[in-house]
Protein chains: 2
Amino acid sequence: MSARRRLIVVSNRGPVTYDRDDEGRRIERRGGGGLVTALRGLLEHHDVTWIASATTEEDRVVAVESGGRGEVVLVAHDPVAYDRYYNVIANPLLWFIQHELWGLALRPNIDRFVHEAWDEGYVAVNRAFADAVVACLDDKPDALVFFHDYQLYLAPRMVRDARPDAALAHFVHIPWPADWSVLPPEMRDAIHDGLLANDVVAFHTERWARNFRADCGDLGYTQVTHHPISIDVEEFDELRESEAVRERERVLEAERPERLVVRVDRTDPSKNIVRGFTAFGLFLEEHPEWHRRVSMLALLDPSRQKVPEYVEYLAAVEREAAAVNERFGSDGWLPVDLRVADDFARSVAAYKQFDVLLVNAVYDGMNLVAKEAPLVNGRAGVLVLSENAGAHEELGEWALTVNPFDVAGQADAIHRALTMDEAERRRRSEAIQAQVRANDVRAWISGLLADFDRASRNVHA
Amino acid sequence: MSARRRLIVVSNRGPVTYDRDDEGRRIERRGGGGLVTALRGLLEHHDVTWIASATTEEDRVVAVESGGRGEVVLVAHDPVAYDRYYNVIANPLLWFIQHELWGLALRPNIDRFVHEAWDEGYVAVNRAFADAVVACLDDKPDALVFFHDYQLYLAPRMVRDARPDAALAHFVHIPWPADWSVLPPEMRDAIHDGLLANDVVAFHTERWARNFRADCGDLGYTQVTHHPISIDVEEFDELRESEAVRERERVLEAERPERLVVRVDRTDPSKNIVRGFTAFGLFLEEHPEWHRRVSMLALLDPSRQKVPEYVEYLAAVEREAAAVNERFGSDGWLPVDLRVADDFARSVAAYKQFDVLLVNAVYDGMNLVAKEAPLVNGRAGVLVLSENAGAHEELGEWALTVNPFDVAGQADAIHRALTMDEAERRRRSEAIQAQVRANDVRAWISGLLADFDRASRNVHA
């Protein structure tokens with residue numbers, strides 16, 4: 001790990017969030033998600049101020065009390081502005097563009113409501129973040145500002161205008177598509193201009209970085225790099241042995257059939273859950289010899305249920321699971337075992353138990369399940385991996401690659417994985433584990449910090 | 001026009017098609033569509049053999065009689081193979097990919113049926129075309145083979161394998177998207193490989209050509225060029241004065257309100273008809289001063305009604321027109337006047353009568369309506385043009401540019417067009433007419449033939 005630095009991390013979700021317990025006492029919860037986990041290493045080794053949105057009532061109280069100072073600065077946005085920023089522009093509009101989920105014949109409809117949500121939501125919330133960053137830079141003028149993701153594309157330009165000499169970097173955690181023409185020019189130009197106010201813009205993969213370069217043309221002084229995010233290997237080594245995980249694993253072991261196909265995802269249309277069930281149904285249709293011997297366990301964390309597209313998608317997921325079970329199920333055998341809940345310990349138990357892990361995302365910036373699950377798996381399970389998941393650049397050579405739209409290809413891959421001999425499974429599984437251990441989240445952070453150093457040398461040279 | 005050449009033109013639809021009249025006599029019909037019109041000039045000036053699919057029963061009889069010889073060679077495909085080639089792979093799969101119409105969360109589903117349609121339909125029909133070309137090259141070994149469009153991506157490689165020294169060129173009439181990852185690798189690789197078997201691959205615009213270059217990486221010996229297709233100006237100068245058009249124009253003039261917004265399209269999801277109606281409704285909502293003074297006349301030619309996506313889209317078009325009329329219509333005023341029929345003379349009459357022409361395509365290779373209608377218009381009408389139509393590269397500077405997804409922006413553009421002063425309208429309208437007259441279909445053909453000459457000099461140098 002490199003020398004201690006002064007950093008200002010800016011992301012929509014922060015490392016902690018506050019609430020009150022039944023007796024009215026303030027309680028602090030650790031924020032979830034891969035981003036917070038990945039950045040926790042920064043907090044241990046560097047002087048970090050983390051700026052994030054206040055997301056609970058108690059967060060808003062803390063925001064006022066702290067007056068924009070402290071290790072964690074919570075920004076209390078106008079609630080209407082925040083709703084538009086988060087539930088109209090960030091999701092679904094930008095998320096759907098970046099994961100190519102819009103069927104452009106009819107959607108999106110960029111009407112007055114969306115224009116207002118842009119002007120009074122996305123722009124306003126980015127402005128509030130930028131103001132918080134500028135205030136923070138007054139205390140730590142030499143700090144590196146490190147923005148995260150698609151909620152904050154406009155803030156870097158706003159900070160740059162106020163503090164021309166600031167060191168700014170941005171990590172985009174989701175895919176960068178080749179085509180941005182879905183957005184009206186004023187919005188897409190603002191996004192590009194915002195990102196190009198950074199000294200460094202970084203992505204997970206060479207593919208997303210290449211799309212960004214092609215898309216921008218003239219990058220000005222901005223360095224574009226890529227570093228694949230990863231996981232905290234030690235954390236998963238501990239989790240695997242934890243009592244919570246072991247307890248759920250005992251239940252799973254008692255219930256499981258001979259072979260288990262596992263998928264673990266948020267209920268996001270980008271995750272391609274419906275086609276995964278369709279493919280499993282096709283596999284069962286073509287391979288009756290596997291009936292009653294294999295199930296697909298789908299552990300799905302409900303996601304963004306304030307956004308209509310997500311509600312509709314979850315319904316489609318449930319319909320397709322029911323259709324496969326209706327067609328193939330029988331007493332004592334549930335072909336698709338669908339569980340919609342947030343239970344990470346159970347997910348880790350399933351990681352340990354899979355024979356086939358299906359990661360068939362339509363598009364995915366990285367996909368950490370593809371790294372977490374093989375790392376803790378104890379059955380030399382086979383990874384079936386979408387060519388459109390960022391993880392494919394690192395792990396593709398040891399996975400069975402699928403095109404996410406090709407359900408026939410996915411059915412074939414499931415069959416091939418289930419019938420692969422053990423030596424071959426072990427060779428692939430061990431190679432993935434070695435890759436993940438050698439390139440864990442610390443490597444990601446070190447790589448980024450080295451980029452920042454190079455960029456700042458260039459700027460000040 | 002350059003010297004007389006020997007050409008073999010290959011396209012799915014040919015310049016003539018045959019039928020029988022009520023008394024059983026063979027009748028010959030001129031093929032429709034912009035491609036056939038555009039290529040007719042070739043027939044006049046060069047030694048052309050045109051290879052196309054037999055599309056009627058009588059075509060199949062002619063195909064057998066002629067034995068693959070003559071100016072027009074009709075290829076009689078196996079009907080099941082043709083149906084899969086045309087109604088499964090070409091439309092909707094390839095058309096939807098190239099116009100970015102799939103909502104990737106749920107569609108397409110590339111299942112066994114699609115794989116079979118590829119292997120036994122698209123590949124088989126391309127093979128039949130390639131065989132016909134090779135037979136034709138035996139008679140005319142020095143002829144240039146000129147393939148057209150997305151139905152024939154595989155044929156060039158098949159011909160190249162059989163005749164390594166043949167001169168091959170391909171014109172792609174629809175957009176080339178930046179991202180082809182919707183197709184499974186074996187299909188997209190075959191498409192790229194097929195196109196790169198040509199000496200020249202040409203597109204309408206710099207944008208589609210750039211996407212193709214970026215997409216292919218290594219182009220090998222293939223030259224990639226772009227020439228915007230256009231119209232036969234003389235033909236439209238005559239059409240404008242024809243009795244059929246004048247008759248319909250008299251009806252239109254008698255019925256029309258003070259101002260007329262016109263759109264003329266096939267009922268294709270890429271044409272963005274629903275959002276056009278939504279935008280017109282929004283304009284009416286925000287500008288009650290225009291009620292009863294303006295209507296949108298939508299002349300729509302029913303298209304591909306064997307493909308479910310097209311049936312659904314036409315229903316959505318009809319629903320949205322009804323919704324706008326329900327909301328704003330009143331006695332004697334129909335805000336959206338929707339006519340679904342194939343009546344080209346009426347379209348030309350509407351071209352003459354528009355005050356605003358709306359061409360808001362989601363994506364469009366070129367869009368000839370944007371050239372035809374301003375050419376014959378007599379009211380200094382304003383062109384409102386999608387930035388994603390190929391015609392925008394040529395005509396954008398004199399049009400009001402819209403983003404096709406931005407219905408608010410389209411409502412604003414309609415208002416701006418209706419309130420633009422006459423001098424400004426005239427200036428823009430005359431500039432478009434001059435551009436179309438200066439770059440008509442002969443310029444397109446000459447440009448392509450010049451490319452072929454350069455490419456063949458390079459190959460033989």
# chains A, B, ... in the order shown; residues from 1 in each chain; ligands from 1

$ closest_atom_pairs --of "chain B" --to "chain A" --cutoff "8 Å" --atoms "only C-alpha atoms" --output "CSV"
residue,atom,partner,partner_atom,distance
B:Glu100,CA,A:Leu104,CA,6.5
B:Leu101,CA,A:Leu104,CA,4.9
B:Trp102,CA,A:Gly103,CA,4.7
B:Gly103,CA,A:Gly103,CA,3.3
B:Leu104,CA,A:Leu101,CA,4.9
B:Ala105,CA,A:Pro269,CA,5.2
B:Leu106,CA,A:Arg275,CA,7.2
B:Arg107,CA,A:Phe405,CA,7.5
B:Pro108,CA,A:Phe405,CA,6.4
B:Asn109,CA,A:Phe405,CA,5.8
B:Ile110,CA,A:Asp406,CA,4.5
B:Asp111,CA,A:Ala408,CA,4.8
B:Arg112,CA,A:Ala408,CA,5.7
B:Ala178,CA,A:Ala178,CA,5.6
B:Asp179,CA,A:Ala178,CA,6.4
B:Ser181,CA,A:Asn388,CA,7.9
B:Val182,CA,A:Phe405,CA,6.4
B:Leu183,CA,A:Phe405,CA,7.3
B:Pro184,CA,A:Asn403,CA,5.5
B:Pro185,CA,A:Asn403,CA,7.5
B:Pro269,CA,A:Ala105,CA,5.2
B:Ser270,CA,A:Ala105,CA,6.2
B:Asn272,CA,A:Ala105,CA,6.3
B:Val274,CA,A:Leu106,CA,7.2
B:Arg275,CA,A:Leu106,CA,7.2
B:Val362,CA,A:Ala105,CA,7.0
B:Asn388,CA,A:Ser181,CA,7.9
B:Asn403,CA,A:Pro184,CA,5.5
B:Pro404,CA,A:Val182,CA,7.9
B:Phe405,CA,A:Asn109,CA,5.8
B:Asp406,CA,A:Ile110,CA,4.5
B:Val407,CA,A:Asp111,CA,5.3
B:Ala408,CA,A:Asp111,CA,4.8
B:Gly409,CA,A:Asp111,CA,8.0

$ residues_around --residues "B:Phe203" --least-positions-apart "6" --cutoff "6 Å" --atoms "only C-alpha atoms" --output "PyMOL selection string"
chain B and resi 171-172+209+226

$ select_by_dssp --residues "stretch 84-200 of chain A" --states "alpha helix (DSSP H)" --output "PyMOL selection string"
chain A and resi 84+95-98+112-116+123-139+155-162+185-195

$ atom_distance --atom1 "atom CA of B:Ala162" --atom2 "atom CA of B:Asp131"
9.1 Å

$ residues_around --residues "B:Asp199" --least-positions-apart "5" --cutoff "8 Å" --atoms "only C-alpha atoms" --output "list in words"
Ala167, Leu168, Ala169, Tyr221, Thr222, Gln223, Phe452, Ala455 and Ser456 of chain B

$ residues_around --residues "stretch 14-19 of chain A" --least-positions-apart "2" --cutoff "6 Å" --atoms "only C-alpha atoms" --output "CSV table (one decimal) with C-alpha atoms, in the first residue's frame"
chain,number,residue,atom,x,y,z
A,26,ARG,CA,-29.0,6.7,17.4
A,27,ILE,CA,-27.6,3.6,15.8
A,28,GLU,CA,-25.0,3.4,13.1
A,29,ARG,CA,-25.2,0.8,10.2
A,30,ARG,CA,-22.4,-0.1,7.9
A,31,GLY,CA,-23.4,0.7,4.3
A,36,VAL,CA,-18.4,0.6,0.1
A,52,ALA,CA,-22.4,10.9,0.5
A,58,GLU,CA,-31.5,10.4,11.1
A,59,ASP,CA,-28.8,10.9,8.4

$ residues_around --residues "B:Glu393" --least-positions-apart "6" --cutoff "12 Å" --atoms "only C-alpha atoms" --output "list in words"
His204, Thr205, Glu206, Arg207, Trp208, His226, His227, Pro228, Ile229, Asp364, Gly365, Met366, Asn367, Ala370, Leu385, Ser386, Glu387, Ala399, Thr401 and Gln435 of chain B

$ residues_around --residues "B:Arg4" --least-positions-apart "2" --cutoff "12 Å" --atoms "only C-alpha atoms" --output "list in words"
Met1, Ser2, Arg6, Leu7, Gly41, Leu42, Leu43, Glu44, His45, His46, Asp47, Val48, Ala143, Leu144 and Leu449 of chain B

$ write_last_selection --atoms "C-alpha atoms" --output "PDB file, in the first residue's frame"
ATOM      1  CA  MET B   1     -21.864   8.835 -66.178  1.00  0.00           C
ATOM      2  CA  SER B   2     -18.847   6.582 -66.564  1.00  0.00           C
ATOM      3  CA  ARG B   6     -20.627  -5.405 -66.733  1.00  0.00           C
ATOM      4  CA  LEU B   7     -22.390  -5.637 -63.420  1.00  0.00           C
ATOM      5  CA  GLY B  41     -30.087   4.145 -63.562  1.00  0.00           C
ATOM      6  CA  LEU B  42     -27.601   1.289 -63.677  1.00  0.00           C
ATOM      7  CA  LEU B  43     -29.896  -0.719 -65.938  1.00  0.00           C
ATOM      8  CA  GLU B  44     -30.040   2.116 -68.444  1.00  0.00           C
ATOM      9  CA  HIS B  45     -26.340   2.715 -68.702  1.00  0.00           C
ATOM     10  CA  HIS B  46     -24.636  -0.600 -68.048  1.00  0.00           C
ATOM     11  CA  ASP B  47     -24.756  -4.297 -68.875  1.00  0.00           C
ATOM     12  CA  VAL B  48     -26.538  -5.502 -65.756  1.00  0.00           C
ATOM     13  CA  ALA B 143     -18.307  -8.479 -64.006  1.00  0.00           C
ATOM     14  CA  LEU B 144     -18.415  -6.548 -60.769  1.00  0.00           C
ATOM     15  CA  LEU B 449     -18.493   3.255 -59.311  1.00  0.00           C
TER      16      LEU B 449
END

$ closest_residue --among "B:Val80, B:Ala450, B:Val441, B:Ala321" --to "B:Val200" --atoms "only C-alpha atoms"
B:Ala450

$ atom_distance --atom1 "atom CA of B:Arg69" --atom2 "atom CA of B:Phe129"
13.7 Å

$ select_by_dssp --residues "stretch 182-233 of chain B" --states "strand (DSSP E)" --output "PyMOL selection string"
chain B and resi 200-203+223-226
